[in-house]
Amino acid sequence: MNTVIIVAAGKGKRMKSAINKQYLEINKKPILAITLEKFQNSNIDDIILVLNEKEVEYCKENVLGKYNFSKVKFIINGGKTRQESVYNGLKSVSKETLNILIHDGARPFITKEMINKAILMLDKYPAMVFGVPVKDTIKISNQDMYIDNTPERNKLWSIQTPQIFKYNLILRAYDNAYKENIEGTDDSSLVEKIGERVKIIEGSYNNIKITTPEDVKFAKILYED
Ligand code: CTP
Ligand code: MG
């Protein structure tokens, strides 16, 4: 069974909008509804939606009540960090779950083709992330903003979600992070910590995370595309 955990419990501080960014609308549809639609139409069986406790009613009224997302199985409360939110989701999946996708509610431009392809690839790779080659040169700086060094660009990838795993593997990685007090900025970094290999699948530059107000403008253009 294939389950996706969609995390939407963040505060969206960088967006500086009155409502949580995933409820902003693109072409009259809340961002979270566009994201959910992609998974509803894919080979996913269950959707676990992780929300801020205070926004559950709002989400039911403005997203879940307005569209027919029959695959949404559970609504789970988020935590203080993304990692906590994902962990809450991981502990709540149906026990038949073998394959897990973890996805940001704020990435509506994922496609069902990408989702289905990733699920098929799990036979070969038990841990995968979507990524695109970085376009900019990336520098490592030291504390006083002087450049320390410049990693070779052809080795650098900008990593997105979904991140895709065999359930046992990702649960083990999250349990270990919890036990060892490890914090990572994505899911795969916790898998790296337990010494397992993670494969990069080439994703799409369109699969942006809506983070700041400029991203909403880009998103409107991408939606029309
Ligand atoms: N997220 C979550 N729980 C948290 C923090 C983040 O479920 N405690 C989710 C967000 O809702 C988002 C995804 O993780 O869909 C990626 O995080 P990010 O883009 O950083 O969103 P926010 O944390 O909401 O935004 P910001 O960092 O600007 O406050
Ligand atoms: Mg954040």
# chains A, B, ... in the order shown; residues from 1 in each chain; ligands from 1
>>> residues_around(residues="Ile200 of chain A", least_positions_apart="2", cutoff="8 Å", atoms="only C-alpha atoms", output="count of residues only")
6
>>> select_by_dssp(residues="segment 112-181 of chain A", states="strand (DSSP E)", output="list in words")
Ala127, Met128, Val129, Phe130, Gly131, Val132, Pro133, Ile140, Ser141, Ile147, Asp148, Asn149, Trp157, Ser158, Ile159, Gln160, Thr161, Pro162, Gln163, Ile164, Phe165 and Lys166 of chain A
>>> residues_near_ligand(ligand="ligand 1", cutoff="9 Å", atoms="only C-alpha atoms and all ligand atoms", output="ChimeraX atom specification")
/A:6-16,20-22,32,50-52,77-86,103-107,209-212
>>> residues_around(residues="Arg172 of chain A", least_positions_apart="4", cutoff="9 Å", atoms="only C-alpha atoms", output="ChimeraX atom specification")
/A:167-168,176-177,191,194
>>> write_last_selection(atoms="N, CA, C and O atoms", output="JSON list (two decimals), in the first residue's frame")
[["chain", "number", "residue", "atom", "x", "y", "z"],
["A", 167, "TYR", "N", 8.64, 2.11, 3.95],
["A", 167, "TYR", "CA", 8.18, 2.59, 5.26],
["A", 167, "TYR", "C", 9.13, 2.21, 6.40],
["A", 167, "TYR", "O", 9.47, 3.05, 7.23],
["A", 168, "ASN", "N", 9.56, 0.95, 6.43],
["A", 168, "ASN", "CA", 10.44, 0.50, 7.53],
["A", 168, "ASN", "C", 11.71, 1.33, 7.63],
["A", 168, "ASN", "O", 12.17, 1.65, 8.72],
["A", 176, "ASN", "N", 15.64, 6.93, 14.94],
["A", 176, "ASN", "CA", 17.04, 7.19, 15.29],
["A", 176, "ASN", "C", 17.28, 8.68, 15.54],
["A", 176, "ASN", "O", 17.93, 9.06, 16.52],
["A", 177, "ALA", "N", 16.72, 9.53, 14.67],
["A", 177, "ALA", "CA", 16.89, 10.99, 14.83],
["A", 177, "ALA", "C", 16.28, 11.44, 16.16],
["A", 177, "ALA", "O", 16.86, 12.27, 16.87],
["A", 191, "VAL", "N", 17.96, 9.69, 6.78],
["A", 191, "VAL", "CA", 18.30, 8.37, 6.24],
["A", 191, "VAL", "C", 19.83, 8.28, 6.06],
["A", 191, "VAL", "O", 20.44, 7.25, 6.36],
["A", 194, "ILE", "N", 21.65, 7.16, 9.14],
["A", 194, "ILE", "CA", 21.71, 5.75, 9.53],
["A", 194, "ILE", "C", 22.50, 4.93, 8.50],
["A", 194, "ILE", "O", 22.46, 3.70, 8.49]]
>>> atom_distance(atom1="atom CA of Lys71 of chain A", atom2="atom CA of Thr97 of chain A")
13.8 Å
>>> residues_around(residues="Lys112 of chain A", least_positions_apart="3", cutoff="10 Å", atoms="only C-alpha atoms", output="PyMOL selection string")
chain A and resi 37-44+109+115-118
>>> residues_around(residues="Tyr23 of chain A", least_positions_apart="4", cutoff="9 Å", atoms="only C-alpha atoms", output="PyMOL selection string")
chain A and resi 19+29-33+59+62-63
